[in-house]
Amino acid sequence: AQSVTQPDIHITVSEGASLELRCNYSYGATPYLFWYVQSPGQGLQLLLKYFSGDTLVQGIKGFEAEFKRSQSSFNLRKPSVHWSDAAEYFCAVGPVGGADGLTFGKGTHLIIQP
Amino acid sequence: DGGITQSPKYLFRKEGQNVTLSCEQNLNHDAMYWYRQDPGQGLRLIYYSQIVNDFQKGDIAEGYSVSREKKESFPLTVTSAQKNPTAFYLCASSTDRVTYGYTFGSGTRLTVV
């Protein structure tokens with residue numbers, strides 16, 4: 001069965017500093033990979049997604065993620081965080097061409113220090 | 001503007017009661033999904049539907065029921081058989097299976113009192 005691990009439950013970063021959120025997946029084939037962001041009490045917004053091709057994908061709000069097949073990872077990065085980036089971040093994996101829904105990690109709570 | 005509307009935003013239920021959460025989309029998406037979110041647990045799939053009049057159980061379907069009579073609507077009923085229904089419920093839709101371009105609603109917080 002597919003699974004997603006986000007090793008960091010909480011991360012605290014100073015405003016203006018760089019950010020990397022980790023995501024590891026377990027899946028038998030090349031999956032579709034996603035990063036979503038959630039503000040408190042709200043739904044999820046898609047930041048970026050990887051299907052194939054270039055392993056470095058760009059998303060909205062200045063985020064990017066790199067797919068590393070050898071490490072089964074899809075880490076999210078941002079060069080300089082803003083206070084508005086404080087939120088919950090979820091990594092998700094989906095089967096290729098399958099009918100099932102996405103499998104989500106447990107999330108990483110990002111705290112921004114002034 | 002197109003999107004997904006979940007209602008109500010907050011819902012209180014007495015133990016032993018069934019309640020129905022509404023999810024409506026005007027995106028012309030074929031697939032719709034219900035997820036449950038608990039603190040520190042991420043999102044877990046309850047039910048999904050790829051087409052009208054058809055739906056499939058997800059990972060935690062026990063104590064829940066759904067219907068898909070219209071393309072736009074995918075209501076979720078939390079039955080009295082659900083032992084721990086207090087949670088945040090999220091509805092999503094997507095245009096096709098391959099790209100999984102999920103659009104999420106803003107959620108319904110259900111509390112059992």
# chains A, B, ... in the order shown; residues from 1 in each chain; ligands from 1

call {"tool": "residues_around", "arguments": {"residues": "His109 of chain A", "least_positions_apart": "2", "cutoff": "8 Å", "atoms": "only C-alpha atoms", "output": "ChimeraX atom specification"}}
result
/A:9-11,86-89,107,111

call {"tool": "write_last_selection", "arguments": {"atoms": "N, CA and C atoms", "output": "PDB file, in the first residue's frame"}}
result
ATOM      1  N   ILE A   9       6.791  17.137  12.671  1.00  0.00           N
ATOM      2  CA  ILE A   9       5.440  17.545  13.038  1.00  0.00           C
ATOM      3  C   ILE A   9       5.352  19.069  13.085  1.00  0.00           C
ATOM      4  N   HIS A  10       6.384  19.707  13.663  1.00  0.00           N
ATOM      5  CA  HIS A  10       6.455  21.164  13.760  1.00  0.00           C
ATOM      6  C   HIS A  10       7.819  21.611  13.246  1.00  0.00           C
ATOM      7  N   ILE A  11       7.829  22.757  12.587  1.00  0.00           N
ATOM      8  CA  ILE A  11       9.091  23.404  12.201  1.00  0.00           C
ATOM      9  C   ILE A  11       8.948  24.888  12.461  1.00  0.00           C
ATOM     10  N   ALA A  86       3.010  30.845   7.471  1.00  0.00           N
ATOM     11  CA  ALA A  86       2.660  30.019   8.625  1.00  0.00           C
ATOM     12  C   ALA A  86       1.351  29.284   8.344  1.00  0.00           C
ATOM     13  N   ALA A  87       1.408  27.952   8.412  1.00  0.00           N
ATOM     14  CA  ALA A  87       0.256  27.129   8.040  1.00  0.00           C
ATOM     15  C   ALA A  87       0.616  25.667   8.254  1.00  0.00           C
ATOM     16  N   GLU A  88      -0.292  24.798   7.874  1.00  0.00           N
ATOM     17  CA  GLU A  88      -0.047  23.354   7.887  1.00  0.00           C
ATOM     18  C   GLU A  88       0.215  22.917   6.451  1.00  0.00           C
ATOM     19  N   TYR A  89       1.237  22.099   6.273  1.00  0.00           N
ATOM     20  CA  TYR A  89       1.626  21.659   4.937  1.00  0.00           C
ATOM     21  C   TYR A  89       1.503  20.143   4.846  1.00  0.00           C
ATOM     22  N   GLY A 107       1.138  15.795   7.973  1.00  0.00           N
ATOM     23  CA  GLY A 107       1.273  17.236   7.976  1.00  0.00           C
ATOM     24  C   GLY A 107       2.449  17.749   8.783  1.00  0.00           C
ATOM     25  N   ILE A 111       5.800  27.260  11.767  1.00  0.00           N
ATOM     26  CA  ILE A 111       5.715  28.455  12.605  1.00  0.00           C
ATOM     27  C   ILE A 111       6.780  29.430  12.138  1.00  0.00           C
TER      28      ILE A 111
END

call {"tool": "residues_around", "arguments": {"residues": "segment 65-68 of chain B", "least_positions_apart": "5", "cutoff": "10 Å", "atoms": "only C-alpha atoms", "output": "PyMOL selection string"}}
result
chain B and resi 20-21+32+34+46-57+73-79

call {"tool": "closest_atom_pairs", "arguments": {"of": "chain A", "to": "chain B", "cutoff": "6 Å", "atoms": "only C-alpha atoms", "output": "Markdown table"}}
result
| residue | atom | partner | partner_atom | distance |
| --- | --- | --- | --- | --- |
| A:Gln42 | CA | B:Ser106 | CA | 4.8 |
| A:Gly43 | CA | B:Ser106 | CA | 4.1 |
| A:Leu44 | CA | B:Phe104 | CA | 5.8 |
| A:Gly97 | CA | B:Val98 | CA | 4.9 |
| A:Phe104 | CA | B:Leu43 | CA | 5.8 |
| A:Gly105 | CA | B:Gly42 | CA | 5.7 |
| A:Lys106 | CA | B:Gly42 | CA | 3.7 |
| A:Gly107 | CA | B:Gly42 | CA | 5.7 |

call {"tool": "select_by_dssp", "arguments": {"residues": "chain A", "states": "strand (DSSP E)", "output": "PyMOL selection string"}}
result
chain A and resi 3-5+10-14+19-21+24-26+32-38+44-50+56-58+64-68+73-78+87-94+103-104+108-113

call {"tool": "write_last_selection", "arguments": {"atoms": "C-alpha atoms", "output": "PDB file, in the first residue's frame"}}
result
ATOM      1  CA  SER A   3       2.138   5.713   2.294  1.00  0.00           C
ATOM      2  CA  VAL A   4       3.535   9.163   2.945  1.00  0.00           C
ATOM      3  CA  THR A   5       5.798  10.185   5.809  1.00  0.00           C
ATOM      4  CA  HIS A  10       6.455  21.164  13.760  1.00  0.00           C
ATOM      5  CA  ILE A  11       9.091  23.404  12.201  1.00  0.00           C
ATOM      6  CA  THR A  12       9.992  26.896  13.347  1.00  0.00           C
ATOM      7  CA  VAL A  13      11.745  29.236  10.930  1.00  0.00           C
ATOM      8  CA  SER A  14      12.683  32.885  11.211  1.00  0.00           C
ATOM      9  CA  LEU A  19      12.683  26.526   4.423  1.00  0.00           C
ATOM     10  CA  GLU A  20      12.729  22.828   3.620  1.00  0.00           C
ATOM     11  CA  LEU A  21       9.872  20.484   4.530  1.00  0.00           C
ATOM     12  CA  ASN A  24       9.093  10.516   1.906  1.00  0.00           C
ATOM     13  CA  TYR A  25       6.758   8.154   0.137  1.00  0.00           C
ATOM     14  CA  SER A  26       6.357   4.451  -0.314  1.00  0.00           C
ATOM     15  CA  TYR A  32       1.969  11.453  -8.641  1.00  0.00           C
ATOM     16  CA  LEU A  33       3.178  13.734  -5.841  1.00  0.00           C
ATOM     17  CA  PHE A  34       1.601  16.842  -4.399  1.00  0.00           C
ATOM     18  CA  TRP A  35       2.111  19.519  -1.781  1.00  0.00           C
ATOM     19  CA  TYR A  36      -0.882  21.267  -0.247  1.00  0.00           C
ATOM     20  CA  VAL A  37      -1.135  24.110   2.281  1.00  0.00           C
ATOM     21  CA  GLN A  38      -3.898  24.616   4.820  1.00  0.00           C
ATOM     22  CA  LEU A  44      -6.409  22.742   1.337  1.00  0.00           C
ATOM     23  CA  GLN A  45      -4.809  24.663  -1.480  1.00  0.00           C
ATOM     24  CA  LEU A  46      -2.559  23.020  -4.042  1.00  0.00           C
ATOM     25  CA  LEU A  47       0.991  24.406  -4.013  1.00  0.00           C
ATOM     26  CA  LEU A  48       2.528  22.192  -6.685  1.00  0.00           C
ATOM     27  CA  LYS A  49       2.488  18.748  -8.215  1.00  0.00           C
ATOM     28  CA  TYR A  50       4.841  16.332  -9.945  1.00  0.00           C
ATOM     29  CA  LEU A  56      12.360  20.225  -9.903  1.00  0.00           C
ATOM     30  CA  VAL A  57       8.872  21.673  -9.991  1.00  0.00           C
ATOM     31  CA  GLN A  58       7.812  25.216  -9.327  1.00  0.00           C
ATOM     32  CA  GLU A  64       9.425  24.574  -5.244  1.00  0.00           C
ATOM     33  CA  ALA A  65       9.907  20.842  -4.705  1.00  0.00           C
ATOM     34  CA  GLU A  66      12.389  18.297  -5.932  1.00  0.00           C
ATOM     35  CA  PHE A  67      11.559  14.690  -6.729  1.00  0.00           C
ATOM     36  CA  LYS A  68      14.382  12.279  -5.891  1.00  0.00           C
ATOM     37  CA  SER A  73      11.522  11.922  -1.433  1.00  0.00           C
ATOM     38  CA  PHE A  74       9.674  15.030  -2.544  1.00  0.00           C
ATOM     39  CA  ASN A  75      10.879  17.848  -0.301  1.00  0.00           C
ATOM     40  CA  LEU A  76       9.312  21.288  -0.389  1.00  0.00           C
ATOM     41  CA  ARG A  77      11.539  24.372  -0.331  1.00  0.00           C
ATOM     42  CA  LYS A  78      11.288  28.123  -0.232  1.00  0.00           C
ATOM     43  CA  ALA A  87       0.256  27.129   8.040  1.00  0.00           C
ATOM     44  CA  GLU A  88      -0.047  23.354   7.887  1.00  0.00           C
ATOM     45  CA  TYR A  89       1.626  21.659   4.937  1.00  0.00           C
ATOM     46  CA  PHE A  90       0.636  18.287   3.573  1.00  0.00           C
ATOM     47  CA  CYS A  91       2.440  16.018   1.165  1.00  0.00           C
ATOM     48  CA  ALA A  92       0.270  13.577  -0.801  1.00  0.00           C
ATOM     49  CA  VAL A  93       0.732  10.708  -3.230  1.00  0.00           C
ATOM     50  CA  GLY A  94      -1.631   9.307  -5.834  1.00  0.00           C
ATOM     51  CA  THR A 103      -2.964   9.423   0.378  1.00  0.00           C
ATOM     52  CA  PHE A 104      -1.834  12.260   2.627  1.00  0.00           C
ATOM     53  CA  THR A 108       3.971  19.649   9.131  1.00  0.00           C
ATOM     54  CA  HIS A 109       3.002  22.715  11.122  1.00  0.00           C
ATOM     55  CA  LEU A 110       5.131  25.679  10.089  1.00  0.00           C
ATOM     56  CA  ILE A 111       5.715  28.455  12.605  1.00  0.00           C
ATOM     57  CA  ILE A 112       7.337  31.709  11.517  1.00  0.00           C
ATOM     58  CA  GLN A 113       9.328  33.688  14.070  1.00  0.00           C
TER      59      GLN A 113
END

call {"tool": "closest_residue", "arguments": {"among": "B:Thr86, B:Ser93, B:Gln25, B:Ser7", "to": "Lys70 of chain B", "atoms": "only C-alpha atoms"}}
result
B:Gln25

call {"tool": "closest_residue", "arguments": {"among": "B:Glu72, B:Glu62, B:Gln17, B:Asn28", "to": "Thr5 of chain B", "atoms": "only C-alpha atoms"}}
result
B:Glu72

call {"tool": "atom_distance", "arguments": {"atom1": "atom CA of Arg22 of chain A", "atom2": "atom CA of Pro7 of chain A"}}
result
6.6 Å

call {"tool": "atom_distance", "arguments": {"atom1": "atom CA of Ser70 of chain A", "atom2": "atom CA of Thr55 of chain A"}}
result
11.9 Å
